[in-house]
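S.K.: One file: target12.pdb (PDB, C-alpha atoms and all ligand atoms).
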ATOM      1  CA  MET A   1      26.886 -17.553   7.587
ATOM      2  CA  ALA A   2      28.770 -17.692  10.875
ATOM      3  CA  ASP A   3      28.497 -14.685  13.164
ATOM      4  CA  ASP A   4      32.233 -14.671  13.722
ATOM      5  CA  VAL A   5      33.076 -13.440  10.208
ATOM      6  CA  THR A   6      34.577  -9.988  10.550
ATOM      7  CA  MET A   7      35.758  -7.523   7.950
ATOM      8  CA  PRO A   8      39.353  -8.308   6.893
ATOM      9  CA  GLU A   9      42.170  -5.760   6.868
ATOM     10  CA  ASN A  10      41.970  -5.127   3.128
ATOM     11  CA  PRO A  11      38.353  -5.630   2.194
ATOM     12  CA  ARG A  12      36.825  -5.341  -1.236
ATOM     13  CA  CYS A  13      33.225  -4.527  -1.978
ATOM     14  CA  GLY A  14      31.294  -3.913  -5.157
ATOM     15  CA  PHE A  15      28.133  -4.195  -7.183
ATOM     16  CA  VAL A  16      27.588  -6.650 -10.005
ATOM     17  CA  ALA A  17      24.458  -6.160 -12.103
ATOM     18  CA  LEU A  18      23.010  -9.235 -13.785
ATOM     19  CA  ILE A  19      21.257  -8.188 -16.957
ATOM     20  CA  GLY A  20      19.812 -10.024 -19.921
ATOM     21  CA  ALA A  21      16.717 -10.876 -21.875
ATOM     22  CA  THR A  22      13.745 -12.102 -19.922
ATOM     23  CA  ASN A  23      13.947 -15.770 -18.852
ATOM     24  CA  ALA A  24      17.757 -15.968 -19.282
ATOM     25  CA  GLY A  25      18.076 -17.213 -15.695
ATOM     26  CA  LYS A  26      19.259 -14.050 -13.899
ATOM     27  CA  SER A  27      17.214 -14.674 -10.786
ATOM     28  CA  THR A  28      18.165 -18.338 -10.675
ATOM     29  CA  LEU A  29      21.833 -17.305 -10.844
ATOM     30  CA  LEU A  30      21.438 -14.658  -8.139
ATOM     31  CA  ASN A  31      19.961 -17.223  -5.766
ATOM     32  CA  ALA A  32      22.750 -19.681  -6.595
ATOM     33  CA  LEU A  33      25.428 -17.041  -5.967
ATOM     34  CA  VAL A  34      23.919 -16.046  -2.643
ATOM     35  CA  GLY A  35      23.051 -19.610  -1.652
ATOM     36  CA  SER A  36      19.528 -18.690  -0.591
ATOM     37  CA  LYS A  37      16.276 -17.669  -2.200
ATOM     38  CA  VAL A  38      16.247 -13.891  -2.252
ATOM     39  CA  THR A  39      14.519 -13.376  -5.603
ATOM     40  CA  ILE A  40      11.744 -15.240  -7.386
ATOM     41  CA  VAL A  41      11.988 -17.485 -10.437
ATOM     42  CA  SER A  42       9.441 -18.776 -12.934
ATOM     43  CA  ARG A  43       9.184 -20.446 -16.312
ATOM     44  CA  LYS A  44       7.215 -17.460 -17.573
ATOM     45  CA  VAL A  45       8.790 -14.324 -19.013
ATOM     46  CA  GLN A  46       8.984 -11.015 -17.139
ATOM     47  CA  THR A  47       8.987 -12.448 -13.671
ATOM     48  CA  THR A  48      11.329  -9.978 -11.945
ATOM     49  CA  ARG A  49       9.865  -6.476 -11.760
ATOM     50  CA  SER A  50      12.385  -4.403  -9.816
ATOM     51  CA  LEU A  51      16.017  -4.349  -8.668
ATOM     52  CA  ILE A  52      16.642  -7.039  -6.081
ATOM     53  CA  ARG A  53      19.962  -7.174  -4.259
ATOM     54  CA  GLY A  54      21.580 -10.379  -3.099
ATOM     55  CA  ILE A  55      24.625 -10.060  -0.862
ATOM     56  CA  THR A  56      27.384 -12.605  -0.312
ATOM     57  CA  LEU A  57      31.007 -12.963   0.749
ATOM     58  CA  GLU A  58      33.830 -14.476  -1.261
ATOM     59  CA  GLY A  59      37.185 -14.371   0.529
ATOM     60  CA  ASP A  60      37.805 -10.749   1.515
ATOM     61  CA  THR A  61      35.189  -9.444  -0.883
ATOM     62  CA  GLN A  62      31.591  -8.567  -0.263
ATOM     63  CA  LEU A  63      29.732  -9.005  -3.541
ATOM     64  CA  ILE A  64      26.427  -7.245  -3.999
ATOM     65  CA  PHE A  65      24.550  -8.753  -6.916
ATOM     66  CA  VAL A  66      21.710  -6.834  -8.485
ATOM     67  CA  ASP A  67      18.974  -8.864 -10.148
ATOM     68  CA  THR A  68      17.197  -6.840 -12.818
ATOM     69  CA  PRO A  69      13.983  -7.209 -14.816
ATOM     70  CA  GLY A  70      14.482  -8.889 -18.185
ATOM     71  CA  ILE A  71      15.123  -6.535 -21.080
ATOM     72  CA  PHE A  72      12.720  -6.748 -24.015
ATOM     73  CA  ALA A  73      10.906  -4.423 -26.378
ATOM     74  CA  PRO A  74       8.385  -2.887 -23.971
ATOM     75  CA  ARG A  75       4.735  -2.335 -24.859
ATOM     76  CA  ARG A  76       2.840  -1.488 -21.707
ATOM     77  CA  ARG A  77       3.611   1.091 -19.034
ATOM     78  CA  LEU A  78       4.685  -1.557 -16.533
ATOM     79  CA  ASP A  79       6.995  -3.060 -19.194
ATOM     80  CA  ARG A  80       8.613   0.315 -19.802
ATOM     81  CA  ALA A  81       9.177   0.865 -16.079
ATOM     82  CA  MET A  82      10.806  -2.559 -15.787
ATOM     83  CA  VAL A  83      13.161  -2.117 -18.738
ATOM     84  CA  THR A  84      14.198   1.395 -17.647
ATOM     85  CA  THR A  85      14.878   0.011 -14.185
ATOM     86  CA  ALA A  86      17.001  -2.811 -15.596
ATOM     87  CA  TRP A  87      19.280  -0.424 -17.486
ATOM     88  CA  GLY A  88      19.443   1.843 -14.424
ATOM     89  CA  GLY A  89      20.701  -1.125 -12.416
ATOM     90  CA  ALA A  90      23.424  -1.728 -14.997
ATOM     91  CA  HIS A  91      24.552   1.917 -15.014
ATOM     92  CA  ASP A  92      25.097   1.949 -11.247
ATOM     93  CA  ALA A  93      27.201  -1.243 -11.084
ATOM     94  CA  ASP A  94      30.971  -1.762 -10.872
ATOM     95  CA  LEU A  95      30.696  -4.628 -13.310
ATOM     96  CA  VAL A  96      27.938  -5.928 -15.537
ATOM     97  CA  GLY A  97      27.234  -9.582 -16.206
ATOM     98  CA  LEU A  98      25.231 -10.239 -19.362
ATOM     99  CA  LEU A  99      23.345 -13.516 -19.222
ATOM    100  CA  ILE A 100      22.354 -15.249 -22.418
ATOM    101  CA  ASP A 101      20.173 -18.347 -22.503
ATOM    102  CA  ALA A 102      22.502 -20.591 -24.517
ATOM    103  CA  GLN A 103      19.642 -22.642 -25.869
ATOM    104  CA  LYS A 104      17.837 -19.572 -27.149
ATOM    105  CA  GLY A 105      20.983 -17.899 -28.474
ATOM    106  CA  ILE A 106      21.086 -14.380 -29.902
ATOM    107  CA  GLY A 107      17.624 -13.254 -30.967
ATOM    108  CA  GLU A 108      16.167  -9.803 -31.386
ATOM    109  CA  ASP A 109      16.179  -8.896 -27.679
ATOM    110  CA  GLU A 110      19.758 -10.137 -27.185
ATOM    111  CA  GLU A 111      20.867  -8.237 -30.294
ATOM    112  CA  ALA A 112      19.372  -5.003 -28.942
ATOM    113  CA  ILE A 113      21.000  -5.538 -25.541
ATOM    114  CA  LEU A 114      24.431  -6.212 -27.064
ATOM    115  CA  ASP A 115      24.115  -3.020 -29.133
ATOM    116  CA  LYS A 116      23.338  -0.930 -26.071
ATOM    117  CA  LEU A 117      25.835  -2.645 -23.784
ATOM    118  CA  GLY A 118      28.758  -1.266 -25.797
ATOM    119  CA  ASP A 119      27.913   2.224 -24.480
ATOM    120  CA  LEU A 120      28.493   1.220 -20.854
ATOM    121  CA  ARG A 121      31.951   2.069 -19.536
ATOM    122  CA  MET A 122      32.378  -0.518 -16.794
ATOM    123  CA  PRO A 123      33.876  -3.972 -17.390
ATOM    124  CA  LYS A 124      31.495  -6.603 -18.671
ATOM    125  CA  VAL A 125      31.452 -10.361 -18.484
ATOM    126  CA  LEU A 126      29.504 -12.719 -20.688
ATOM    127  CA  VAL A 127      27.666 -15.554 -18.956
ATOM    128  CA  LEU A 128      26.206 -18.261 -21.161
ATOM    129  CA  ASN A 129      23.583 -19.986 -19.042
ATOM    130  CA  LYS A 130      21.624 -23.240 -19.376
ATOM    131  CA  ILE A 131      24.612 -25.133 -20.784
ATOM    132  CA  ASP A 132      22.911 -28.326 -19.608
ATOM    133  CA  LEU A 133      20.621 -27.923 -22.614
ATOM    134  CA  VAL A 134      23.112 -27.361 -25.470
ATOM    135  CA  ALA A 135      26.050 -28.941 -27.237
ATOM    136  CA  LYS A 136      29.587 -27.604 -26.763
ATOM    137  CA  GLU A 137      30.021 -26.484 -30.403
ATOM    138  CA  LYS A 138      26.975 -24.311 -30.191
ATOM    139  CA  LEU A 139      28.334 -22.672 -27.014
ATOM    140  CA  LEU A 140      31.622 -21.784 -28.648
ATOM    141  CA  ALA A 141      29.899 -20.273 -31.677
ATOM    142  CA  LEU A 142      27.605 -18.277 -29.404
ATOM    143  CA  ALA A 143      30.510 -17.012 -27.281
ATOM    144  CA  LYS A 144      32.298 -15.869 -30.416
ATOM    145  CA  ALA A 145      29.253 -14.113 -31.869
ATOM    146  CA  ALA A 146      28.660 -12.173 -28.635
ATOM    147  CA  ASN A 147      32.350 -11.327 -28.159
ATOM    148  CA  ASP A 148      32.495  -9.985 -31.711
ATOM    149  CA  LYS A 149      29.907  -7.403 -30.729
ATOM    150  CA  VAL A 150      31.022  -6.369 -27.251
ATOM    151  CA  ALA A 151      34.463  -6.340 -25.593
ATOM    152  CA  PHE A 152      33.757  -8.725 -22.714
ATOM    153  CA  GLU A 153      36.564  -9.317 -20.199
ATOM    154  CA  THR A 154      35.874 -13.013 -20.393
ATOM    155  CA  THR A 155      33.144 -15.603 -20.937
ATOM    156  CA  PHE A 156      31.719 -18.068 -18.439
ATOM    157  CA  MET A 157      29.590 -21.060 -19.328
ATOM    158  CA  ILE A 158      27.299 -22.120 -16.523
ATOM    159  CA  ALA A 159      24.109 -23.884 -15.523
ATOM    160  CA  ALA A 160      22.615 -21.704 -12.813
ATOM    161  CA  ILE A 161      19.986 -24.326 -12.101
ATOM    162  CA  SER A 162      22.534 -26.928 -10.927
ATOM    163  CA  GLY A 163      25.235 -24.492  -9.829
ATOM    164  CA  ASP A 164      27.636 -25.761 -12.488
ATOM    165  CA  GLY A 165      30.355 -23.108 -12.990
ATOM    166  CA  VAL A 166      28.834 -20.694 -10.470
ATOM    167  CA  ALA A 167      31.672 -20.944  -7.907
ATOM    168  CA  ASP A 168      34.293 -20.095 -10.571
ATOM    169  CA  LEU A 169      32.273 -17.114 -11.708
ATOM    170  CA  LYS A 170      31.919 -15.888  -8.138
ATOM    171  CA  ARG A 171      35.660 -16.132  -7.458
ATOM    172  CA  TRP A 172      36.511 -14.332 -10.664
ATOM    173  CA  LEU A 173      34.096 -11.512  -9.843
ATOM    174  CA  ALA A 174      35.353 -11.168  -6.262
ATOM    175  CA  ASP A 175      38.906 -10.460  -7.489
ATOM    176  CA  ARG A 176      37.643  -7.632  -9.661
ATOM    177  CA  MET A 177      35.704  -5.652  -7.098
ATOM    178  CA  PRO A 178      37.131  -2.321  -5.945
ATOM    179  CA  LYS A 179      38.905  -1.973  -2.603
ATOM    180  CA  GLY A 180      36.636  -0.669   0.113
ATOM    181  CA  PRO A 181      34.804  -1.595   3.285
ATOM    182  CA  TRP A 182      31.870  -3.989   3.262
ATOM    183  CA  LEU A 183      28.565  -2.158   3.059
ATOM    184  CA  TYR A 184      26.442  -4.788   4.814
ATOM    185  CA  PRO A 185      26.880  -7.003   7.879
ATOM    186  CA  ALA A 186      28.680 -10.256   7.047
ATOM    187  CA  ASP A 187      25.569 -12.415   7.450
ATOM    188  CA  GLN A 188      23.155 -10.255   5.454
ATOM    189  CA  MET A 189      21.883 -11.800   2.206
ATOM    190  CA  SER A 190      19.300  -9.290   1.060
ATOM    191  CA  ASP A 191      18.541  -5.616   1.574
ATOM    192  CA  ALA A 192      14.815  -6.073   1.046
ATOM    193  CA  PRO A 193      12.580  -6.298   4.095
ATOM    194  CA  MET A 194      11.112  -9.757   4.694
ATOM    195  CA  ARG A 195       7.596  -8.472   4.048
ATOM    196  CA  GLN A 196       8.628  -7.551   0.509
ATOM    197  CA  LEU A 197      10.214 -10.951  -0.174
ATOM    198  CA  ALA A 198       7.075 -12.594   1.215
ATOM    199  CA  ALA A 199       4.943 -10.633  -1.272
ATOM    200  CA  GLU A 200       7.284 -11.677  -4.074
ATOM    201  CA  ILE A 201       7.017 -15.319  -3.068
ATOM    202  CA  THR A 202       3.238 -15.171  -3.286
ATOM    203  CA  ARG A 203       3.624 -13.537  -6.708
ATOM    204  CA  GLU A 204       5.871 -16.426  -7.743
ATOM    205  CA  LYS A 205       3.067 -18.853  -6.865
ATOM    206  CA  LEU A 206       0.616 -16.746  -8.893
ATOM    207  CA  PHE A 207       3.004 -16.994 -11.849
ATOM    208  CA  GLU A 208       3.134 -20.762 -11.454
ATOM    209  CA  ARG A 209      -0.630 -21.242 -11.347
ATOM    210  CA  LEU A 210      -2.122 -18.540 -13.528
ATOM    211  CA  HIS A 211      -1.850 -18.207 -17.270
ATOM    212  CA  GLN A 212      -1.921 -15.818 -20.196
ATOM    213  CA  GLU A 213      -2.273 -12.177 -19.184
ATOM    214  CA  LEU A 214      -3.310 -12.777 -15.600
ATOM    215  CA  PRO A 215       0.161 -12.963 -14.012
ATOM    216  CA  TYR A 216       1.028  -9.666 -15.664
ATOM    217  CA  GLN A 217      -2.139  -7.985 -14.484
ATOM    218  CA  SER A 218      -1.708  -8.957 -10.870
ATOM    219  CA  THR A 219       0.521  -7.752  -8.076
ATOM    220  CA  VAL A 220       0.912  -8.593  -4.396
ATOM    221  CA  GLU A 221       1.455  -6.402  -1.337
ATOM    222  CA  THR A 222       1.986  -7.361   2.281
ATOM    223  CA  ASP A 223      -0.431  -5.422   4.497
ATOM    224  CA  ILE A 224       0.176  -6.891   7.932
ATOM    225  CA  TRP A 225       3.179  -8.614   9.476
ATOM    226  CA  LYS A 226       2.766  -9.519  13.082
ATOM    227  CA  GLU A 227       5.104 -11.608  15.182
ATOM    228  CA  LEU A 228       3.022 -13.421  17.767
ATOM    229  CA  ARG A 229       4.179 -14.318  21.255
ATOM    230  CA  ASN A 230       4.319 -18.047  20.500
ATOM    231  CA  GLY A 231       6.948 -17.410  17.826
ATOM    232  CA  THR A 232       4.637 -17.689  14.829
ATOM    233  CA  VAL A 233       4.141 -14.928  12.298
ATOM    234  CA  ARG A 234       0.792 -13.696  11.030
ATOM    235  CA  ILE A 235       0.977 -12.281   7.522
ATOM    236  CA  GLU A 236      -1.835 -10.698   5.544
ATOM    237  CA  GLN A 237      -1.392  -9.949   1.876
ATOM    238  CA  THR A 238      -3.532  -8.525  -0.888
ATOM    239  CA  VAL A 239      -3.460  -9.741  -4.468
ATOM    240  CA  PHE A 240      -4.540  -6.931  -6.770
ATOM    241  CA  VAL A 241      -6.088  -7.739 -10.138
ATOM    242  CA  GLU A 242      -7.600  -5.541 -12.836
ATOM    243  CA  ARG A 243     -11.097  -6.988 -13.203
ATOM    244  CA  GLU A 244     -13.778  -8.945 -11.372
ATOM    245  CA  SER A 245     -13.489 -11.790 -13.909
ATOM    246  CA  GLN A 246      -9.794 -12.097 -12.962
ATOM    247  CA  ARG A 247     -10.633 -12.105  -9.281
ATOM    248  CA  LYS A 248     -12.872 -15.106  -9.868
ATOM    249  CA  ILE A 249     -10.065 -16.960 -11.638
ATOM    250  CA  VAL A 250      -7.565 -16.204  -8.875
ATOM    251  CA  LEU A 251     -10.034 -17.470  -6.265
ATOM    252  CA  GLY A 252     -10.880 -20.561  -8.312
ATOM    253  CA  GLN A 253     -13.808 -22.891  -7.824
ATOM    254  CA  GLY A 254     -14.722 -22.916  -4.168
ATOM    255  CA  GLY A 255     -11.584 -20.848  -3.501
ATOM    256  CA  GLN A 256      -9.282 -23.721  -4.376
ATOM    257  CA  THR A 257      -6.823 -21.757  -6.534
ATOM    258  CA  ILE A 258      -6.101 -19.098  -3.933
ATOM    259  CA  LYS A 259      -5.912 -21.811  -1.305
ATOM    260  CA  ALA A 260      -3.230 -23.658  -3.251
ATOM    261  CA  ILE A 261      -1.325 -20.426  -3.886
ATOM    262  CA  GLY A 262      -1.489 -19.565  -0.194
ATOM    263  CA  ALA A 263      -0.351 -23.020   0.902
ATOM    264  CA  ALA A 264       2.670 -23.009  -1.439
ATOM    265  CA  SER A 265       3.642 -19.482  -0.450
ATOM    266  CA  ARG A 266       3.219 -20.129   3.264
ATOM    267  CA  LYS A 267       5.487 -23.168   3.032
ATOM    268  CA  ASP A 268       8.286 -21.202   1.313
ATOM    269  CA  ILE A 269       8.024 -18.203   3.647
ATOM    270  CA  ALA A 270       8.052 -20.464   6.713
ATOM    271  CA  GLY A 271      11.139 -22.241   5.343
ATOM    272  CA  ILE A 272      13.013 -18.970   4.953
ATOM    273  CA  LEU A 273      11.928 -17.572   8.324
ATOM    274  CA  GLU A 274      12.382 -20.911  10.074
ATOM    275  CA  HIS A 275       9.146 -20.133  11.905
ATOM    276  CA  ASP A 276       5.534 -21.174  11.628
ATOM    277  CA  VAL A 277       3.576 -18.802   9.445
ATOM    278  CA  HIS A 278      -0.121 -18.037   9.169
ATOM    279  CA  LEU A 279      -0.753 -16.484   5.792
ATOM    280  CA  PHE A 280      -4.023 -14.807   4.842
ATOM    281  CA  LEU A 281      -4.572 -13.774   1.242
ATOM    282  CA  HIS A 282      -7.176 -11.272   0.075
ATOM    283  CA  VAL A 283      -7.956 -10.768  -3.597
ATOM    284  CA  LYS A 284      -9.092  -7.287  -4.607
ATOM    285  CA  VAL A 285     -10.038  -5.708  -7.876
ATOM    286  CA  ARG A 286      -8.177  -2.497  -8.450
ATOM    287  CA  GLU A 287      -9.058  -1.396 -11.905
ATOM    288  CA  GLY A 288      -6.182   0.366 -13.606
ATOM    289  CA  TRP A 289      -3.572  -0.544 -10.987
ATOM    290  CA  THR A 290      -1.016  -0.784 -13.821
ATOM    291  CA  ASP A 291      -1.549   2.975 -14.269
ATOM    292  CA  ASP A 292      -1.447   3.822 -10.564
ATOM    293  CA  PRO A 293       1.794   5.515  -9.405
ATOM    294  CA  GLU A 294       1.265   4.229  -5.855
ATOM    295  CA  ARG A 295       1.515   0.588  -6.987
ATOM    296  CA  TYR A 296       4.778   1.371  -8.780
ATOM    297  CA  ARG A 297       6.180   2.922  -5.620
ATOM    298  CA  ALA A 298       5.228  -0.222  -3.699
ATOM    299  CA  MET A 299       7.143  -2.286  -6.267
ATOM    300  CA  GLY A 300      10.189  -0.009  -6.125
ATOM    301  CA  LEU A 301       9.724   1.226  -9.691
ATOM    302  CA  GLU A 302       9.757   4.694 -11.202
ATOM    303  CA  PHE A 303       6.384   5.599 -12.678
ATOM    304  CA  PRO A 304       6.780   6.278 -16.395
ATOM    305  CA  LYS A 305       4.808   9.371 -17.472
ATOM    306  CA  GLU A 306       3.270   7.513 -20.400
TER     307      GLU A 306
HETATM  308  N1  LIG A 401      17.742 -25.997 -17.918
HETATM  309  C1  LIG A 401      18.042 -24.893 -17.243
HETATM  310  N2  LIG A 401      17.059 -24.032 -16.891
HETATM  311  C2  LIG A 401      17.408 -22.918 -16.206
HETATM  312  C3  LIG A 401      18.749 -22.619 -15.864
HETATM  313  N3  LIG A 401      18.767 -21.455 -15.199
HETATM  314  C4  LIG A 401      17.477 -21.021 -15.126
HETATM  315  N4  LIG A 401      16.652 -21.914 -15.723
HETATM  316  C5  LIG A 401      15.169 -21.821 -15.848
HETATM  317  O1  LIG A 401      14.838 -20.733 -16.671
HETATM  318  C6  LIG A 401      13.580 -20.160 -16.259
HETATM  319  C7  LIG A 401      13.734 -18.665 -16.046
HETATM  320  O2  LIG A 401      14.569 -18.443 -14.925
HETATM  321  P1  LIG A 401      14.602 -17.060 -14.152
HETATM  322  O3  LIG A 401      15.735 -17.126 -13.198
HETATM  323  O4  LIG A 401      13.260 -16.705 -13.618
HETATM  324  O5  LIG A 401      14.953 -16.072 -15.359
HETATM  325  P2  LIG A 401      15.125 -14.466 -15.324
HETATM  326  O6  LIG A 401      16.216 -14.128 -16.279
HETATM  327  O7  LIG A 401      15.275 -13.976 -13.943
HETATM  328  O8  LIG A 401      13.721 -14.007 -15.955
HETATM  329  P3  LIG A 401      12.939 -12.552 -15.791
HETATM  330  O9  LIG A 401      12.885 -12.207 -14.356
HETATM  331  O10 LIG A 401      11.606 -12.840 -16.376
HETATM  332  O11 LIG A 401      13.723 -11.574 -16.611
HETATM  333  C8  LIG A 401      13.170 -20.919 -15.008
HETATM  334  O12 LIG A 401      12.242 -21.915 -15.376
HETATM  335  C9  LIG A 401      14.483 -21.538 -14.519
HETATM  336  O13 LIG A 401      14.295 -22.721 -13.782
HETATM  337  C10 LIG A 401      19.773 -23.561 -16.257
HETATM  338  O14 LIG A 401      20.956 -23.407 -15.992
HETATM  339  N5  LIG A 401      19.345 -24.661 -16.955
HETATM  340 MG    MG A 402      14.118 -12.704 -12.850
END
What does this structure look like when you write it as structure tokens?
M.R.:
Amino acid sequence: MADDVTMPENPRCGFVALIGATNAGKSTLLNALVGSKVTIVSRKVQTTRSLIRGITLEGDTQLIFVDTPGIFAPRRRLDRAMVTTAWGGAHDADLVGLLIDAQKGIGEDEEAILDKLGDLRMPKVLVLNKIDLVAKEKLLALAKAANDKVAFETTFMIAAISGDGVADLKRWLADRMPKGPWLYPADQMSDAPMRQLAAEITREKLFERLHQELPYQSTVETDIWKELRNGTVRIEQTVFVERESQRKIVLGQGGQTIKAIGAASRKDIAGILEHDVHLFLHVKVREGWTDDPERYRAMGLEFPKE
């Protein structure tokens, strides 16, 4: 965004939480709204682990979108922390957008979310996503079923992946934000430090290349971030896994899996920074990291007592 954008005389500013079942497309929508990759996306469930803010301007309004972990019936400690965090994000917002994957429709998770959403006081908007995959009649039936359960202000039908309907949604939201000064500089798109986004991007590549339980039993932290005199950035990250057998899988034969993960991550990080990047990945076994409060702090999550 241009540097010459200054706060107007009558600014608006507010928080919109994007909630929904896992895989509904919340993170894809956040990136589309902001126009830049600030949060990671994958075809697997439970990709987003904490609250990620994406900031953007629409007319006189600064919109602060909050991406949340998908809501589902939690089993493990990390699951519980993610779901609690998602609802916390909703409680603190000026407006809540519920995303439903229109192809999936209303299943058990969606049903539970709709039940709980009624208790929230702030205005709510229904966003049916992935309309590229479903017929119009099905969309209308789905909109009606959801609106019968919760008093939504209105319903939007979008395809976050192509941006279809996203501009209309953004304009509508901007008009509904409370009056007040912008909270961030006009050109800021995220409140997370770059080293955190870089760790998330590496985690996205892990999600793309690893299967079954492994993505859920791994996490990534940035240890070193050094800007070198020639303008390049040296980044060192650690991938934590639970067991030695998992470490072997992450490394791959002759280290080829971790190499591919590193190459894909480096490319994305360099694209965002618009600088050359040297990325070094270490893989460490940290047995029981999913029960270690310190790892939760690093992820920006509360540590559930059980
Ligand atoms: N066809 C289609 N796919 C979409 C659309 N929006 C998102 N997706 C895909 O849906 C999958 C999940 O997207 P995410 O944005 O990671 O979903 P999420 O709701 O953030 O998921 P969690 O973080 O796990 O809760 C990805 O493969 C996206 O590419 C859409 O409009 N159409
Ligand atoms: Mg997500």
S.K.: For A:Asp109, find every residue with an atom within 8 Å (counting all atoms listed in the file), except residues of its own chain fewer than 5 positions away, and show them as a list in words.
M.R.: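 What passes the distance filter is Ala21, Ile71, Phe72 and Ala73 of chain A.
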S.K.: Could you list the protein, DNA and RNA residues that have any atom within 6 Å of ligand LIG 401 (chain A), counting only C-alpha atoms and all ligand atoms, and write them as a ChimeraX atom specification?
M.R.: /A:22-28,41-43,45-48,69-70,129-130,132-133,159-161
S.K.: Could you tell me, as a list in words, exactly which residues end up selected when the PyMOL selection byres (((chain A and resi 123) around 9) and not hetatm) is applied to this structure?
M.R.: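 On this input, the PyMOL selection byres (((chain A and resi 123) around 9) and not hetatm) captures Asp94, Leu95, Val96, Gly97, Leu120, Arg121, Met122, Lys124, Val125, Ala151, Phe152 and Glu153 of chain A.
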S.K.: Exactly which residues make up the result of the PyMOL selection byres (((chain A and resi 301) around 8) and not hetatm) on this file, given as a list in words?
M.R.: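 Written out, the selection comes to Arg49, Ser50, Ala81, Met82, Thr85, Tyr296, Arg297, Ala298, Met299, Gly300, Glu302 and Phe303 of chain A.
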S.K.: Running the PyMOL selection byres (((chain A and resi 267-277) around 12) and not hetatm) on this model by hand, what would come out? Give it as number ranges by chain.
M.R.: A: 36-38, 40, 189, 194-202, 204-205, 225-236, 260-266, 278-280
S.K.: Select, from A:Ile249, A:Lys116, A:Ala192, A:Gln103, the residue with the minimum atom-to-atom distance to A:Leu214, counting only C-alpha atoms.
M.R.: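 Looking only at the distances to A:Leu214, the closest residue turns out to be A:Ile249.
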S.K.: Suppose you want the space between atom CA of A:Lys248 and atom CA of A:Gln212; what is it in Å?
M.R.: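 Interatomic distance here is 15.1 Å.
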S.K.: Do you know which residues are at most 10 Å from stretch 4-18 of chain A counting only C-alpha atoms, after dropping those on the same chain fewer than 3 positions away, and could you put them as a PyMOL selection string?
M.R.: chain A and resi 1+25-27+29-30+51-55+57-70+86-99+124-125+127+173-187
S.K.: Which is closer to ligand MG 402 (chain A) than all the others in A:Pro293, A:Gly107, A:Gly20, A:Pro304, using only C-alpha atoms and all ligand atoms?
M.R.: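 Selected residue with least distance to ligand MG 402 (chain A): A:Gly20.
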